[in-house]
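Student: To be precise about what I am sending: the file is called upload_22.txt and holds compact mmCIF, C-alpha atoms.
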# COMPACT_ATOMS: atom_id res chain seq x y z
CA MET A 350 0.00 0.00 0.00
CA TYR A 351 2.54 2.60 1.16
CA PRO A 352 5.08 2.22 -1.66
CA ASP A 353 2.37 3.28 -4.12
CA PRO A 354 3.11 6.92 -5.03
CA ARG A 355 -0.60 7.90 -4.90
CA VAL A 356 -0.91 6.56 -1.36
CA ALA A 357 2.32 8.20 -0.21
CA LYS A 358 1.32 11.54 -1.77
CA PHE A 359 -2.17 11.47 -0.25
CA ILE A 360 -0.88 10.58 3.21
CA THR A 361 1.85 13.21 3.08
CA GLU A 362 -0.63 15.91 1.99
CA GLN A 363 -3.53 15.03 4.27
CA PHE A 364 -2.06 13.63 7.47
CA VAL A 365 0.64 13.75 10.07
CA PRO A 366 1.73 10.10 9.80
CA VAL A 367 2.89 8.16 12.83
CA ARG A 368 3.79 4.48 12.91
CA PHE A 369 4.17 2.02 15.75
CA HIS A 370 5.85 -1.18 14.70
CA VAL A 371 5.07 -4.24 16.80
CA LYS A 372 8.80 -4.95 17.29
CA ASP A 373 10.69 -1.74 16.58
CA GLN A 374 8.45 0.48 18.75
CA HIS A 375 7.23 -2.31 21.01
CA ASP A 376 6.53 -0.24 24.15
CA ASP A 377 4.67 2.50 22.28
CA PHE A 378 2.88 -0.12 20.18
CA GLN A 379 1.57 -1.63 23.42
CA ARG A 380 0.77 1.71 25.07
CA VAL A 381 -0.90 3.49 22.14
CA GLY A 382 -2.40 0.31 20.73
CA GLY A 383 -3.91 -0.44 24.12
CA LYS A 384 -5.35 3.06 24.36
CA TYR A 385 -7.11 2.68 20.99
CA GLY A 386 -7.89 -1.02 21.24
CA ALA A 387 -5.79 -1.97 18.22
CA GLN A 388 -5.94 -5.76 18.21
CA TRP A 389 -4.42 -6.61 14.85
CA THR A 390 -1.90 -5.45 12.26
CA PRO A 391 -2.18 -3.59 10.12
CA THR A 392 -4.60 -1.31 11.94
CA ILE A 393 -4.77 2.24 10.65
CA LEU A 394 -6.55 4.95 12.60
CA ILE A 395 -7.46 8.43 11.49
CA VAL A 396 -7.66 10.69 14.51
CA ASP A 397 -7.98 14.44 14.96
CA ALA A 398 -5.53 16.70 16.78
CA ASP A 399 -7.31 15.93 20.06
CA GLY A 400 -6.66 12.23 19.53
CA GLU A 401 -10.33 11.50 18.79
CA GLU A 402 -10.75 8.55 16.41
CA HIS A 403 -12.82 9.09 13.23
CA HIS A 404 -12.03 6.06 11.11
CA ARG A 405 -10.40 2.65 11.42
CA ILE A 406 -8.99 0.33 8.76
CA GLU A 407 -8.10 -3.20 9.83
CA GLY A 408 -6.23 -5.58 7.55
CA PHE A 409 -4.45 -5.18 4.24
CA LEU A 410 -6.28 -3.59 1.30
CA PRO A 411 -5.32 -3.09 -2.36
CA VAL A 412 -4.40 0.47 -3.30
CA ASP A 413 -7.76 1.74 -4.60
CA ASP A 414 -9.61 0.28 -1.61
CA PHE A 415 -7.05 1.70 0.79
CA MET A 416 -7.15 5.14 -0.83
CA SER A 417 -10.94 5.20 -0.70
CA GLN A 418 -10.87 4.18 2.97
CA LEU A 419 -8.43 6.97 3.78
CA MET A 420 -10.78 9.38 2.03
CA LEU A 421 -13.72 8.00 4.04
CA GLY A 422 -11.72 8.92 7.11
CA THR A 423 -11.12 12.50 6.02
CA ALA A 424 -14.80 12.84 5.09
CA ARG A 425 -15.95 11.41 8.42
CA ALA A 426 -13.68 13.80 10.31
CA ALA A 427 -15.30 16.72 8.45
CA PHE A 428 -18.76 15.30 9.19
CA ASP A 429 -17.91 14.89 12.89
CA ARG A 430 -16.83 18.52 13.17
CA ASN A 431 -20.18 19.50 11.60
CA ASP A 432 -18.56 20.72 8.38
CA TYR A 433 -21.24 19.06 6.28
CA ALA A 434 -20.51 20.88 3.02
CA ALA A 435 -16.89 19.73 3.09
CA ALA A 436 -17.96 16.23 4.11
CA GLU A 437 -20.39 15.97 1.19
CA GLN A 438 -17.70 17.09 -1.24
CA LEU A 439 -15.24 14.52 0.10
CA TYR A 440 -17.78 11.70 0.05
CA ARG A 441 -18.78 12.50 -3.55
CA ARG A 442 -15.13 12.49 -4.57
CA ILE A 443 -14.86 8.88 -3.36
CA VAL A 444 -17.83 7.83 -5.52
CA GLU A 445 -16.31 9.61 -8.53
CA GLN A 446 -12.73 8.43 -8.12
CA PHE A 447 -13.24 4.92 -6.73
CA PRO A 448 -16.69 3.78 -7.89
CA GLU A 449 -15.79 0.09 -7.79
CA THR A 450 -14.66 0.01 -4.15
CA GLU A 451 -16.70 -0.97 -1.10
CA ALA A 452 -16.23 2.57 0.17
CA ALA A 453 -18.21 4.01 -2.77
CA PRO A 454 -21.76 3.01 -1.69
CA GLU A 455 -20.95 4.00 1.88
CA ALA A 456 -19.74 7.37 0.60
CA LEU A 457 -22.87 7.80 -1.55
CA TYR A 458 -25.03 7.22 1.53
CA TRP A 459 -23.10 9.66 3.71
CA ALA A 460 -22.95 12.28 0.94
CA GLY A 461 -26.73 12.32 1.06
CA VAL A 462 -26.77 12.57 4.84
CA SER A 463 -24.19 15.36 4.72
CA LYS A 464 -26.24 17.33 2.21
CA TYR A 465 -29.34 16.87 4.33
CA ARG A 466 -27.49 18.04 7.44
CA ALA A 467 -26.13 21.07 5.54
CA THR A 468 -29.46 22.09 4.02
CA ASN A 469 -32.13 20.46 6.21
CA ASP A 470 -33.79 19.61 2.90
CA PRO A 471 -35.27 16.06 2.90
CA SER A 472 -35.04 15.96 -0.91
CA ALA A 473 -31.31 15.27 -0.41
CA LEU A 474 -32.22 11.94 1.15
CA LYS A 475 -34.83 11.17 -1.48
CA ALA A 476 -32.31 11.87 -4.23
CA THR A 477 -29.83 9.55 -2.52
CA ALA A 478 -32.39 6.75 -2.41
CA ALA A 479 -33.05 7.35 -6.11
CA ALA A 480 -29.32 7.15 -6.82
CA PHE A 481 -29.21 3.77 -5.09
CA ALA A 482 -31.92 2.55 -7.46
CA GLU A 483 -29.38 3.07 -10.25
CA ARG A 484 -26.26 1.59 -8.65
CA TYR A 485 -25.02 -0.46 -5.71
CA GLN A 486 -28.49 -2.01 -5.33
CA SER A 487 -27.22 -5.12 -3.58
CA THR A 488 -25.31 -3.30 -0.83
CA SER A 489 -26.41 -2.74 2.75
CA TRP A 490 -26.16 1.01 2.08
CA ALA A 491 -28.87 0.75 -0.57
CA LYS A 492 -31.05 -1.04 1.99
CA LYS A 493 -30.40 1.69 4.54
CA ALA A 494 -31.26 4.40 2.00
CA SER A 495 -34.42 2.61 0.85
CA VAL A 496 -36.35 4.11 3.75
CA TRP A 497 -35.88 7.56 2.17
CA ARG A 498 -37.79 6.74 -1.04
CA MET B 1344 9.33 12.72 -17.89
CA PRO B 1345 10.56 10.96 -14.75
CA THR B 1346 8.16 10.55 -11.87
CA THR B 1347 9.22 11.42 -8.35
CA THR B 1348 8.40 9.13 -5.46
CA THR B 1349 7.10 10.61 -2.23
CA GLU B 1350 8.49 8.93 0.85
CA ILE B 1351 6.25 9.00 3.88
CA ALA B 1352 8.04 10.66 6.79
CA TRP B 1353 6.72 8.49 9.59
CA GLY B 1354 6.97 9.81 13.12
CA HIS B 1355 6.97 7.56 16.17
CA ASP B 1356 5.72 9.94 18.84
CA LEU B 1357 1.94 10.32 19.08
CA GLU B 1358 1.97 13.36 21.36
CA ARG B 1359 4.30 15.21 19.01
CA ALA B 1360 2.14 14.20 16.02
CA LEU B 1361 -1.00 15.53 17.72
CA THR B 1362 0.70 18.84 18.48
CA ASP B 1363 1.94 19.03 14.90
CA ALA B 1364 -1.55 18.22 13.58
CA LYS B 1365 -3.09 20.99 15.67
CA ALA B 1366 -0.59 23.53 14.37
CA ARG B 1367 -0.95 22.44 10.73
CA ARG B 1368 -4.73 21.80 10.91
CA LYS B 1369 -4.30 18.22 9.79
CA LEU B 1370 -5.50 14.81 10.85
CA VAL B 1371 -3.17 12.18 12.28
CA LEU B 1372 -2.81 8.79 10.65
CA ILE B 1373 -1.69 6.12 13.11
CA ASP B 1374 -0.35 2.90 11.62
CA PHE B 1375 0.03 -0.12 13.87
CA SER B 1376 2.26 -2.30 11.76
CA ALA B 1377 4.10 -5.59 11.70
CA ALA B 1378 5.44 -5.11 8.18
CA PRO B 1379 9.21 -4.82 7.60
CA MET B 1380 10.29 -1.19 7.91
Would you mind writing the file's structure down as structure tokens?
Tutor:
Amino acid sequence: MYPDPRVAKFITEQFVPVRFHVKDQHDDFQRVGGKYGAQWTPTILIVDADGEEHHRIEGFLPVDDFMSQLMLGTARAAFDRNDYAAAEQLYRRIVEQFPETEAAPEALYWAGVSKYRATNDPSALKATAAAFAERYQSTSWAKKASVWR
Amino acid sequence: MPTTTTEIAWGHDLERALTDAKARRKLVLIDFSAAPM
């Protein structure tokens, strides 16, 4: 994952990266891993400057899936700080750039929620349900959005 | 045209990373790894 130049560029631009290796940083791996309940490697957490966790990736993923998961994390952090316009933009970017990944239907769902939160307009949810009628029909996210039809 | 490879500058100090993230208005990515470094 990390040797891929797209991954390295995205991480360098978006995050302050910190790594705890199970052997090389054993004490910190135990201390910080225990604090966050990291039970497996690789576990990747996206946290804010207060140390609050916003997204977790457990296990290896191919590059596109990993990139889209990192983007889910940045979008969720924006959503959690109530920056719904930014969150919607980030979620939609995942659907556009990585439409074949598992993150894409999740991002489509949360883009709709973000727009609704930003505008308080229920048509944002209805439009999301309609979008799920066109794609990702078999996913759990389509089922969750079906209530908005 | 040659492409340049970005190397990730991993830190190993969470408290320092959080302080850095606050100053630079960034998120922190924490990687718990067993892969060869």
Student: Can you pull out every residue within 9 Å of segment 1350-1352 of chain B, counting all atoms listed in the file, but drop anything in the same chain fewer than 2 positions away, and send it as a short mmCIF file (atom, residue, chain, number, x, y, z; two decimals) with C-alpha atoms, keeping the file's coordinate frame?
Tutor:
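Generated file (result29.cif):
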data_model
loop_
_atom_site.label_atom_id
_atom_site.label_comp_id
_atom_site.auth_asym_id
_atom_site.auth_seq_id
_atom_site.Cartn_x
_atom_site.Cartn_y
_atom_site.Cartn_z
CA TYR A 351 2.54 2.60 1.16
CA PRO A 352 5.08 2.22 -1.66
CA PRO A 354 3.11 6.92 -5.03
CA ALA A 357 2.32 8.20 -0.21
CA LYS A 358 1.32 11.54 -1.77
CA ILE A 360 -0.88 10.58 3.21
CA THR A 361 1.85 13.21 3.08
CA VAL A 365 0.64 13.75 10.07
CA PRO A 366 1.73 10.10 9.80
CA VAL A 367 2.89 8.16 12.83
CA THR B 1348 8.40 9.13 -5.46
CA GLY B 1354 6.97 9.81 13.12
#
Student: Work out how far apart atom CA of Ser463 of chain A and atom CA of Ala436 of chain A are and give it in Å to one decimal.
Tutor: 6.3 Å
Student: Taking a cut-off of 7 Å and counting all atoms listed in the file, can you build a table that, for each residue of chain A near chain B, reports the nearest atom pair and how far apart they are in Å (one decimal), sorted by chain then residue number, as JSON lines?
Tutor:
{"residue": "A:Pro354", "atom": "CA", "partner": "B:Thr1348", "partner_atom": "CA", "distance": 5.7}
{"residue": "A:Ala357", "atom": "CA", "partner": "B:Thr1349", "partner_atom": "CA", "distance": 5.7}
{"residue": "A:Lys358", "atom": "CA", "partner": "B:Thr1349", "partner_atom": "CA", "distance": 5.9}
{"residue": "A:Thr361", "atom": "CA", "partner": "B:Ile1351", "partner_atom": "CA", "distance": 6.1}
{"residue": "A:Gln363", "atom": "CA", "partner": "B:Lys1369", "partner_atom": "CA", "distance": 6.4}
{"residue": "A:Phe364", "atom": "CA", "partner": "B:Leu1370", "partner_atom": "CA", "distance": 5.0}
{"residue": "A:Val365", "atom": "CA", "partner": "B:Val1371", "partner_atom": "CA", "distance": 4.7}
{"residue": "A:Pro366", "atom": "CA", "partner": "B:Leu1372", "partner_atom": "CA", "distance": 4.8}
{"residue": "A:Val367", "atom": "CA", "partner": "B:Gly1354", "partner_atom": "CA", "distance": 4.4}
{"residue": "A:Arg368", "atom": "CA", "partner": "B:Asp1374", "partner_atom": "CA", "distance": 4.6}
{"residue": "A:Phe369", "atom": "CA", "partner": "B:Phe1375", "partner_atom": "CA", "distance": 5.0}
{"residue": "A:His370", "atom": "CA", "partner": "B:Ser1376", "partner_atom": "CA", "distance": 4.8}
{"residue": "A:Val371", "atom": "CA", "partner": "B:Ala1377", "partner_atom": "CA", "distance": 5.4}
{"residue": "A:Phe378", "atom": "CA", "partner": "B:Phe1375", "partner_atom": "CA", "distance": 6.9}
{"residue": "A:Thr390", "atom": "CA", "partner": "B:Ser1376", "partner_atom": "CA", "distance": 5.2}
{"residue": "A:Pro391", "atom": "CA", "partner": "B:Ser1376", "partner_atom": "CA", "distance": 4.9}
{"residue": "A:Thr392", "atom": "CA", "partner": "B:Phe1375", "partner_atom": "CA", "distance": 5.2}
{"residue": "A:Ile393", "atom": "CA", "partner": "B:Asp1374", "partner_atom": "CA", "distance": 4.6}
{"residue": "A:Leu394", "atom": "CA", "partner": "B:Ile1373", "partner_atom": "CA", "distance": 5.0}
{"residue": "A:Ile395", "atom": "CA", "partner": "B:Leu1372", "partner_atom": "CA", "distance": 4.7}
{"residue": "A:Val396", "atom": "CA", "partner": "B:Val1371", "partner_atom": "CA", "distance": 5.2}
{"residue": "A:Asp397", "atom": "CA", "partner": "B:Leu1370", "partner_atom": "CA", "distance": 4.8}
{"residue": "A:Ala398", "atom": "CA", "partner": "B:Leu1361", "partner_atom": "CA", "distance": 4.8}
{"residue": "A:Asp399", "atom": "CA", "partner": "B:Leu1361", "partner_atom": "CA", "distance": 6.7}
{"residue": "A:Gly400", "atom": "CA", "partner": "B:Leu1361", "partner_atom": "CA", "distance": 6.8}
Student: Please indicate the distance in Å from atom CA of Met420 of chain A to atom CA of Ala494 of chain A, rounded to one decimal place.
Tutor: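 Atom-to-atom, atom CA of Met420 of chain A to atom CA of Ala494 of chain A, that is 21.1 Å.
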Student: Which value, in Å to one decimal, gives the distance between atom CA of Ser417 of chain A and atom CA of Ala479 of chain A?
Tutor: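 About the pair atom CA of Ser417 of chain A and atom CA of Ala479 of chain A: they are 22.9 Å apart.
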Student: So that all listed atoms of segment 361-369 of chain A fit with 3 Å spare on each side, what axis-aligned box centre and edge lengths in Å, to one decimal, would you give as lines of an AutoDock Vina configuration file?
Tutor:
center_x = 0.3
center_y = 9.0
center_z = 8.9
size_x = 13.7
size_y = 19.9
size_z = 19.8
Student: For Ala456 of chain A, list every protein, DNA or RNA residue within 9 Å, evaluated using all atoms listed in the file, and leave out those in the same chain fewer than 5 positions away; present the list as a list in words.
Tutor: Leu421, Ala424, Glu437, Leu439, Tyr440, Arg441, Arg442, Ile443, Val444 and Gly461 of chain A
Student: Looking at only C-alpha atoms, which of A:Ala427, A:Leu410, A:Ala491, A:Ala434 is the one that sits closest to Leu457 of chain A?
Tutor: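 Under the stated criterion, the closest residue is A:Ala491.
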Student: Between A:Trp490, A:Tyr433, A:Phe428, A:Tyr485, which has the minimum distance to Tyr458 of chain A (counting all atoms listed in the file)?
Tutor: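 Of the candidates, the smallest distance to Tyr458 of chain A is held by A:Trp490.
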